[in-house]
Amino acid sequence: MRSSVPWLRPLVALVVGGVFFIPLYIALINVFKESRQVAGGAMSLPIPPTFDNLIRVLTSPDSLFWSSLRTSVLVTSLSIIILTVLSAMLGHYLARQNTWWSRVIMVLLLCGLMIPPQVILIPITQVLKALGLMSTLPGLVLFNVGYYVPFGVFVFSGFMKGVPRDLEEAAAIDGATRWQTFWKIVFPLLRPATASVLIFLGVWIWNDFLNPLIIYGPREGTTIMTGIYKSLGQYAADFGGMFALMFLATLPILVFYLLLQKQFVKGLTGGATKG
């Protein structure tokens with residue numbers, strides 16, 4: 001039955017969209033305002049606008065932005081590449097097995113999704129110390145891989161159920177090995193699921209603050225999120241520079257999302273169209 005008030009749904013959508021837009025509005029306009037203007041009224045328009053904040057962040061003598069950006073790009077890239085490869089192979093294997101132990105493994109992996117990383121952070125630091133990986137980039141990447149692999153396996157195994165077994169059987173008849181069958185036949189068909197995993201895990205790892213702060217440590221360097229924290233002073237803060245740093249920190253992951261957006265949407269809707 002149609003609503004008797006046709007303008008109600010657009011109005012509700014407009015209000016909800018406006019509420020979600022307010023933080024973006026505040027973050028964007030304060031990039032182009034001086035610190036005293038930000039402190040005087042964060043909601044006011046930047047009149048006149050200034051690019052001094054962006055220039056100051058990009059040309060800072062300590063190179064905080066550039067060093068943090070390099071670290072974040074390296075950690076995020078290594079983590080999502082390793083996660084995608086491991087999750088795709090394990091998800092394919094579990095989806096093609098119909099045994100009790102494969103279902104047990106899947107349940108154990110799903111249980112890993114229910115545990116917040118803060119709960120296991122202290123045991124993780126003890127393990128990394130024992131392995132000599134505490135305060136190192138490999139240690140942080142290893143933590144990301146171990147914690148987020150259940151999500152990747154869950155996505156890939158669910159998507160694999162829509163890929164016909166006939167393709168793999170035909171490849172085996174033609175003489176392809178299981179390794180060739182997976183990487184040349186199956187994995188190219190998983191592009192939507194791969195895009196979904198890359199975007200979700202990329203955003204989560206890029207925006208992570210606590211784990212890089214504890215595992216990597218400020219002595220060895222900072223990621224982009226811990227760099228924002230480091231830019232805050234104890235008694236004073238450059239609000240304009242902080243907003244500029246936050247704005248620049250969002251650009252790489254935003255571009256990454258836009259590049260994979262089309263495949264990402266296909267990955268979200270793929271399960272609804274496959275019977």
# chains A, B, ... in the order shown; residues from 1 in each chain; ligands from 1
$ residues_around --residues "Phe256 (chain A)" --least-positions-apart "3" --cutoff "10 Å" --atoms "only C-alpha atoms" --output "PyMOL selection string"
chain A and resi 198-199+202-203+251-253+259-261
$ write_last_selection --atoms "N, CA and C atoms" --output "mmCIF file, in the first residue's frame"
data_model
loop_
_atom_site.group_PDB
_atom_site.id
_atom_site.type_symbol
_atom_site.label_atom_id
_atom_site.label_comp_id
_atom_site.auth_asym_id
_atom_site.auth_seq_id
_atom_site.Cartn_x
_atom_site.Cartn_y
_atom_site.Cartn_z
ATOM 1 N N LEU A 198 39.260 -6.425 -0.291
ATOM 2 C CA LEU A 198 40.294 -5.392 -0.337
ATOM 3 C C LEU A 198 39.802 -4.085 0.265
ATOM 4 N N ILE A 199 38.570 -3.696 -0.063
ATOM 5 C CA ILE A 199 38.061 -2.417 0.427
ATOM 6 C C ILE A 199 37.787 -2.473 1.925
ATOM 7 N N GLY A 202 41.121 -2.969 3.716
ATOM 8 C CA GLY A 202 41.949 -1.796 3.503
ATOM 9 C C GLY A 202 41.523 -0.629 4.382
ATOM 10 N N VAL A 203 40.219 -0.389 4.452
ATOM 11 C CA VAL A 203 39.703 0.706 5.286
ATOM 12 C C VAL A 203 39.957 0.426 6.757
ATOM 13 N N LEU A 251 42.429 10.887 1.704
ATOM 14 C CA LEU A 251 42.480 10.866 0.240
ATOM 15 C C LEU A 251 42.954 9.533 -0.339
ATOM 16 N N PRO A 252 44.054 8.920 0.159
ATOM 17 C CA PRO A 252 44.500 7.658 -0.463
ATOM 18 C C PRO A 252 43.456 6.554 -0.392
ATOM 19 N N ILE A 253 42.826 6.368 0.767
ATOM 20 C CA ILE A 253 41.847 5.290 0.900
ATOM 21 C C ILE A 253 40.573 5.610 0.131
ATOM 22 N N LEU A 259 38.419 3.407 -7.101
ATOM 23 C CA LEU A 259 38.962 2.544 -8.144
ATOM 24 C C LEU A 259 38.296 1.171 -8.155
ATOM 25 N N LEU A 260 37.894 0.694 -6.981
ATOM 26 C CA LEU A 260 37.298 -0.645 -6.876
ATOM 27 C C LEU A 260 35.795 -0.607 -6.658
ATOM 28 N N GLN A 261 35.191 0.574 -6.795
ATOM 29 C CA GLN A 261 33.785 0.730 -6.444
ATOM 30 C C GLN A 261 32.871 -0.186 -7.255
#
$ closest_residue --among "A:Pro188, A:Pro212, A:Gly41, A:Gly217" --to "Thr76 (chain A)" --atoms "only C-alpha atoms"
A:Pro212
$ closest_atom_pairs --of "region 29-118 of chain A" --to "region 137-146 of chain A" --cutoff "8 Å" --atoms "only C-alpha atoms" --output "JSON lines"
{"residue": "A:Val75", "atom": "CA", "partner": "A:Val141", "partner_atom": "CA", "distance": 6.1}
{"residue": "A:Leu78", "atom": "CA", "partner": "A:Val141", "partner_atom": "CA", "distance": 7.0}
{"residue": "A:Ser79", "atom": "CA", "partner": "A:Val141", "partner_atom": "CA", "distance": 5.4}
{"residue": "A:Ile80", "atom": "CA", "partner": "A:Val145", "partner_atom": "CA", "distance": 7.9}
{"residue": "A:Ile82", "atom": "CA", "partner": "A:Val145", "partner_atom": "CA", "distance": 7.1}
{"residue": "A:Leu83", "atom": "CA", "partner": "A:Val145", "partner_atom": "CA", "distance": 5.6}
$ write_last_selection --atoms "all heavy atoms" --output "mmCIF file, in the first residue's frame"
data_model
loop_
_atom_site.group_PDB
_atom_site.id
_atom_site.type_symbol
_atom_site.label_atom_id
_atom_site.label_comp_id
_atom_site.auth_asym_id
_atom_site.auth_seq_id
_atom_site.Cartn_x
_atom_site.Cartn_y
_atom_site.Cartn_z
ATOM 1 N N VAL A 75 52.163 -0.927 5.293
ATOM 2 C CA VAL A 75 51.465 -1.871 6.171
ATOM 3 C C VAL A 75 50.151 -2.330 5.546
ATOM 4 O O VAL A 75 49.840 -3.528 5.519
ATOM 5 C CB VAL A 75 51.214 -1.235 7.555
ATOM 6 C CG1 VAL A 75 50.283 -2.114 8.397
ATOM 7 C CG2 VAL A 75 52.523 -1.020 8.289
ATOM 8 N N LEU A 78 50.812 -4.575 2.209
ATOM 9 C CA LEU A 78 51.274 -5.921 2.525
ATOM 10 C C LEU A 78 50.185 -6.745 3.197
ATOM 11 O O LEU A 78 49.994 -7.933 2.876
ATOM 12 C CB LEU A 78 52.511 -5.856 3.423
ATOM 13 C CG LEU A 78 53.803 -5.346 2.791
ATOM 14 C CD1 LEU A 78 54.904 -5.237 3.843
ATOM 15 C CD2 LEU A 78 54.250 -6.273 1.671
ATOM 16 N N SER A 79 49.464 -6.123 4.122
ATOM 17 C CA SER A 79 48.435 -6.857 4.870
ATOM 18 C C SER A 79 47.314 -7.336 3.965
ATOM 19 O O SER A 79 46.921 -8.509 4.006
ATOM 20 C CB SER A 79 47.871 -5.974 5.989
ATOM 21 O OG SER A 79 48.869 -5.614 6.917
ATOM 22 N N ILE A 80 46.781 -6.455 3.113
ATOM 23 C CA ILE A 80 45.626 -6.853 2.310
ATOM 24 C C ILE A 80 46.030 -7.808 1.189
ATOM 25 O O ILE A 80 45.233 -8.671 0.785
ATOM 26 C CB ILE A 80 44.890 -5.625 1.741
ATOM 27 C CG1 ILE A 80 45.772 -4.804 0.805
ATOM 28 C CG2 ILE A 80 44.350 -4.775 2.872
ATOM 29 C CD1 ILE A 80 45.051 -3.625 0.166
ATOM 30 N N ILE A 82 48.515 -10.155 1.382
ATOM 31 C CA ILE A 82 48.669 -11.466 2.023
ATOM 32 C C ILE A 82 47.309 -12.014 2.444
ATOM 33 O O ILE A 82 47.013 -13.206 2.261
ATOM 34 C CB ILE A 82 49.617 -11.360 3.227
ATOM 35 C CG1 ILE A 82 51.007 -10.936 2.764
ATOM 36 C CG2 ILE A 82 49.689 -12.684 3.975
ATOM 37 C CD1 ILE A 82 51.975 -10.648 3.899
ATOM 38 N N LEU A 83 46.461 -11.154 3.005
ATOM 39 C CA LEU A 83 45.136 -11.585 3.440
ATOM 40 C C LEU A 83 44.292 -12.082 2.274
ATOM 41 O O LEU A 83 43.597 -13.100 2.385
ATOM 42 C CB LEU A 83 44.420 -10.428 4.137
ATOM 43 C CG LEU A 83 44.770 -10.204 5.609
ATOM 44 C CD1 LEU A 83 44.300 -8.834 6.069
ATOM 45 C CD2 LEU A 83 44.141 -11.297 6.466
#
$ atom_distance --atom1 "CA of Ser72 (chain A)" --atom2 "CA of Lys33 (chain A)"
26.8 Å
$ closest_residue --among "A:Ala95, A:Thr222, A:Asp52, A:Leu69" --to "Gly162 (chain A)" --atoms "only C-alpha atoms"
A:Ala95
$ atom_distance --atom1 "CA of Ser63 (chain A)" --atom2 "CA of Phe209 (chain A)"
19.5 Å
$ atom_distance --atom1 "CA of Ile224 (chain A)" --atom2 "CA of Phe65 (chain A)"
7.1 Å
$ closest_residue --among "A:Leu109, A:Met89, A:Leu213, A:Ile26" --to "Arg178 (chain A)" --atoms "only C-alpha atoms"
A:Met89
$ residues_around --residues "Val107 (chain A)" --least-positions-apart "5" --cutoff "12 Å" --atoms "only C-alpha atoms" --output "compact mmCIF listing (two decimals) with N, CA, C and O atoms, in the first residue's frame"
# COMPACT_ATOMS: atom_id res chain seq x y z
N LEU A 94 37.67 -24.68 1.78
CA LEU A 94 36.58 -25.00 2.70
C LEU A 94 35.23 -25.06 1.99
O LEU A 94 34.36 -25.85 2.37
N TRP A 100 32.93 -32.93 8.09
CA TRP A 100 32.62 -32.35 9.40
C TRP A 100 33.73 -31.45 9.89
O TRP A 100 33.49 -30.41 10.52
N TRP A 101 34.99 -31.82 9.60
CA TRP A 101 36.10 -31.01 10.10
C TRP A 101 36.22 -29.68 9.36
O TRP A 101 36.69 -28.69 9.91
N SER A 102 35.80 -29.64 8.07
CA SER A 102 35.81 -28.36 7.36
C SER A 102 34.77 -27.41 7.95
O SER A 102 35.01 -26.20 8.04
N GLY A 112 36.35 -16.26 15.51
CA GLY A 112 37.38 -15.22 15.55
C GLY A 112 36.85 -13.84 15.20
O GLY A 112 37.42 -12.83 15.63
N LEU A 113 35.76 -13.79 14.42
CA LEU A 113 35.18 -12.49 14.07
C LEU A 113 34.47 -11.84 15.26
O LEU A 113 34.22 -10.65 15.24
N MET A 114 34.14 -12.64 16.26
CA MET A 114 33.38 -12.11 17.40
C MET A 114 34.27 -11.54 18.49
O MET A 114 33.77 -10.92 19.43
N PRO A 150 39.79 -14.47 9.13
CA PRO A 150 38.45 -15.07 9.18
C PRO A 150 37.42 -14.32 8.33
O PRO A 150 36.57 -14.95 7.68
N PHE A 151 37.50 -13.00 8.32
CA PHE A 151 36.56 -12.23 7.50
C PHE A 151 36.76 -12.53 6.03
O PHE A 151 35.79 -12.74 5.28
N VAL A 153 38.05 -15.22 4.64
CA VAL A 153 37.61 -16.60 4.35
C VAL A 153 36.09 -16.66 4.28
O VAL A 153 35.52 -17.33 3.41
N PHE A 154 35.41 -15.96 5.18
CA PHE A 154 33.95 -15.95 5.19
C PHE A 154 33.40 -15.37 3.88
O PHE A 154 32.46 -15.92 3.29
$ closest_residue --among "A:Ala42, A:Pro164, A:Thr177, A:Ile228" --to "Leu24 (chain A)" --atoms "only C-alpha atoms"
A:Ala42
$ closest_atom_pairs --of "region 143-261 of chain A" --to "region 47-51 of chain A" --cutoff "12 Å" --atoms "only C-alpha atoms" --output "CSV"
residue,atom,partner,partner_atom,distance
A:Gly240,CA,A:Phe51,CA,9.9
A:Gly241,CA,A:Phe51,CA,10.2
A:Phe243,CA,A:Phe51,CA,11.8
A:Ala244,CA,A:Phe51,CA,9.2
$ decode --residues "region 196-210 of chain A" --atoms "all heavy atoms" --output "tab-separated table (two decimals), in the first residue's frame"
chain	number	residue	atom	x	y	z
A	196	SER	N	35.59	-6.58	-2.57
A	196	SER	CA	34.95	-6.38	-1.27
A	196	SER	C	35.94	-6.59	-0.13
A	196	SER	O	36.00	-5.78	0.81
A	196	SER	CB	33.76	-7.33	-1.12
A	196	SER	OG	32.79	-7.10	-2.11
A	197	VAL	N	36.72	-7.66	-0.22
A	197	VAL	CA	37.71	-7.94	0.83
A	197	VAL	C	38.77	-6.85	0.87
A	197	VAL	O	39.15	-6.37	1.95
A	197	VAL	CB	38.36	-9.32	0.58
A	197	VAL	CG1	39.55	-9.53	1.50
A	197	VAL	CG2	37.33	-10.43	0.80
A	198	LEU	N	39.26	-6.42	-0.29
A	198	LEU	CA	40.29	-5.39	-0.34
A	198	LEU	C	39.80	-4.09	0.26
A	198	LEU	O	40.53	-3.42	1.02
A	198	LEU	CB	40.74	-5.17	-1.78
A	198	LEU	CG	41.60	-6.27	-2.42
A	198	LEU	CD1	41.84	-5.96	-3.89
A	198	LEU	CD2	42.92	-6.41	-1.69
A	199	ILE	N	38.57	-3.70	-0.06
A	199	ILE	CA	38.06	-2.42	0.43
A	199	ILE	C	37.79	-2.47	1.93
A	199	ILE	O	38.22	-1.59	2.69
A	199	ILE	CB	36.79	-2.02	-0.35
A	199	ILE	CG1	37.16	-1.61	-1.77
A	199	ILE	CG2	36.06	-0.88	0.36
A	199	ILE	CD1	35.98	-1.26	-2.64
A	200	PHE	N	37.08	-3.50	2.38
A	200	PHE	CA	36.77	-3.60	3.81
A	200	PHE	C	38.04	-3.66	4.64
A	200	PHE	O	38.23	-2.88	5.59
A	200	PHE	CB	35.90	-4.83	4.08
A	200	PHE	CG	34.44	-4.60	3.90
A	200	PHE	CD1	33.73	-5.23	2.90
A	200	PHE	CD2	33.75	-3.74	4.75
A	200	PHE	CE1	32.38	-5.02	2.73
A	200	PHE	CE2	32.40	-3.52	4.60
A	200	PHE	CZ	31.70	-4.16	3.58
A	201	LEU	N	38.92	-4.58	4.30
A	201	LEU	CA	40.14	-4.74	5.09
A	201	LEU	C	41.07	-3.55	4.92
A	201	LEU	O	41.75	-3.14	5.87
A	201	LEU	CB	40.85	-6.03	4.70
A	201	LEU	CG	40.08	-7.32	4.97
A	201	LEU	CD1	40.92	-8.53	4.62
A	201	LEU	CD2	39.62	-7.39	6.41
A	202	GLY	N	41.12	-2.97	3.72
A	202	GLY	CA	41.95	-1.80	3.50
A	202	GLY	C	41.52	-0.63	4.38
A	202	GLY	O	42.36	0.04	5.01
A	203	VAL	N	40.22	-0.39	4.45
A	203	VAL	CA	39.70	0.71	5.29
A	203	VAL	C	39.96	0.43	6.76
A	203	VAL	O	40.38	1.31	7.52
A	203	VAL	CB	38.20	0.92	5.01
A	203	VAL	CG1	37.60	1.90	6.02
A	203	VAL	CG2	37.99	1.44	3.60
A	204	TRP	N	39.69	-0.81	7.20
A	204	TRP	CA	39.88	-1.14	8.61
A	204	TRP	C	41.34	-1.01	9.02
A	204	TRP	O	41.64	-0.43	10.08
A	204	TRP	CB	39.40	-2.57	8.88
A	204	TRP	CG	37.92	-2.73	8.78
A	204	TRP	CD1	36.98	-1.73	8.79
A	204	TRP	CD2	37.19	-3.95	8.63
A	204	TRP	NE1	35.72	-2.26	8.65
A	204	TRP	CE2	35.81	-3.61	8.56
A	204	TRP	CE3	37.56	-5.30	8.54
A	204	TRP	CZ2	34.82	-4.58	8.41
A	204	TRP	CZ3	36.56	-6.25	8.40
A	204	TRP	CH2	35.21	-5.91	8.34
A	205	ILE	N	42.25	-1.53	8.21
A	205	ILE	CA	43.67	-1.47	8.57
A	205	ILE	C	44.20	-0.05	8.46
A	205	ILE	O	45.00	0.40	9.28
A	205	ILE	CB	44.47	-2.44	7.68
A	205	ILE	CG1	44.06	-3.89	7.98
A	205	ILE	CG2	45.97	-2.27	7.90
A	205	ILE	CD1	44.66	-4.90	7.03
A	206	TRP	N	43.76	0.68	7.45
A	206	TRP	CA	44.22	2.07	7.28
A	206	TRP	C	43.77	2.94	8.46
A	206	TRP	O	44.53	3.78	8.94
A	206	TRP	CB	43.65	2.63	5.98
A	206	TRP	CG	44.11	4.02	5.65
A	206	TRP	CD1	43.51	5.20	6.02
A	206	TRP	CD2	45.26	4.40	4.89
A	206	TRP	NE1	44.22	6.26	5.54
A	206	TRP	CE2	45.29	5.81	4.84
A	206	TRP	CE3	46.26	3.67	4.24
A	206	TRP	CZ2	46.28	6.50	4.16
A	206	TRP	CZ3	47.26	4.36	3.57
A	206	TRP	CH2	47.26	5.75	3.54
A	207	ASN	N	42.55	2.73	8.93
A	207	ASN	CA	42.00	3.56	10.01
A	207	ASN	C	42.36	3.05	11.40
A	207	ASN	O	41.97	3.69	12.40
A	207	ASN	CB	40.48	3.64	9.89
A	207	ASN	CG	40.03	4.44	8.69
A	207	ASN	OD1	40.75	5.32	8.22
A	207	ASN	ND2	38.86	4.14	8.17
A	208	ASP	N	43.06	1.93	11.49
A	208	ASP	CA	43.39	1.37	12.80
A	208	ASP	C	44.33	2.31	13.56
A	208	ASP	O	45.30	2.81	13.00
A	208	ASP	CB	44.04	0.00	12.62
A	208	ASP	CG	44.10	-0.78	13.92
A	208	ASP	OD1	43.50	-0.32	14.92
A	208	ASP	OD2	44.74	-1.85	13.95
A	209	PHE	N	44.04	2.51	14.83
A	209	PHE	CA	44.85	3.41	15.65
A	209	PHE	C	45.54	2.68	16.79
A	209	PHE	O	46.75	2.78	16.97
A	209	PHE	CB	43.98	4.54	16.21
A	209	PHE	CG	44.66	5.35	17.28
A	209	PHE	CD1	45.67	6.23	16.97
A	209	PHE	CD2	44.30	5.20	18.62
A	209	PHE	CE1	46.32	6.96	17.96
A	209	PHE	CE2	44.93	5.93	19.61
A	209	PHE	CZ	45.95	6.82	19.28
A	210	LEU	N	44.78	1.93	17.56
A	210	LEU	CA	45.32	1.34	18.79
A	210	LEU	C	46.39	0.29	18.51
A	210	LEU	O	47.45	0.30	19.14
A	210	LEU	CB	44.19	0.72	19.62
A	210	LEU	CG	44.59	0.12	20.96
A	210	LEU	CD1	45.20	1.17	21.87
A	210	LEU	CD2	43.39	-0.54	21.65
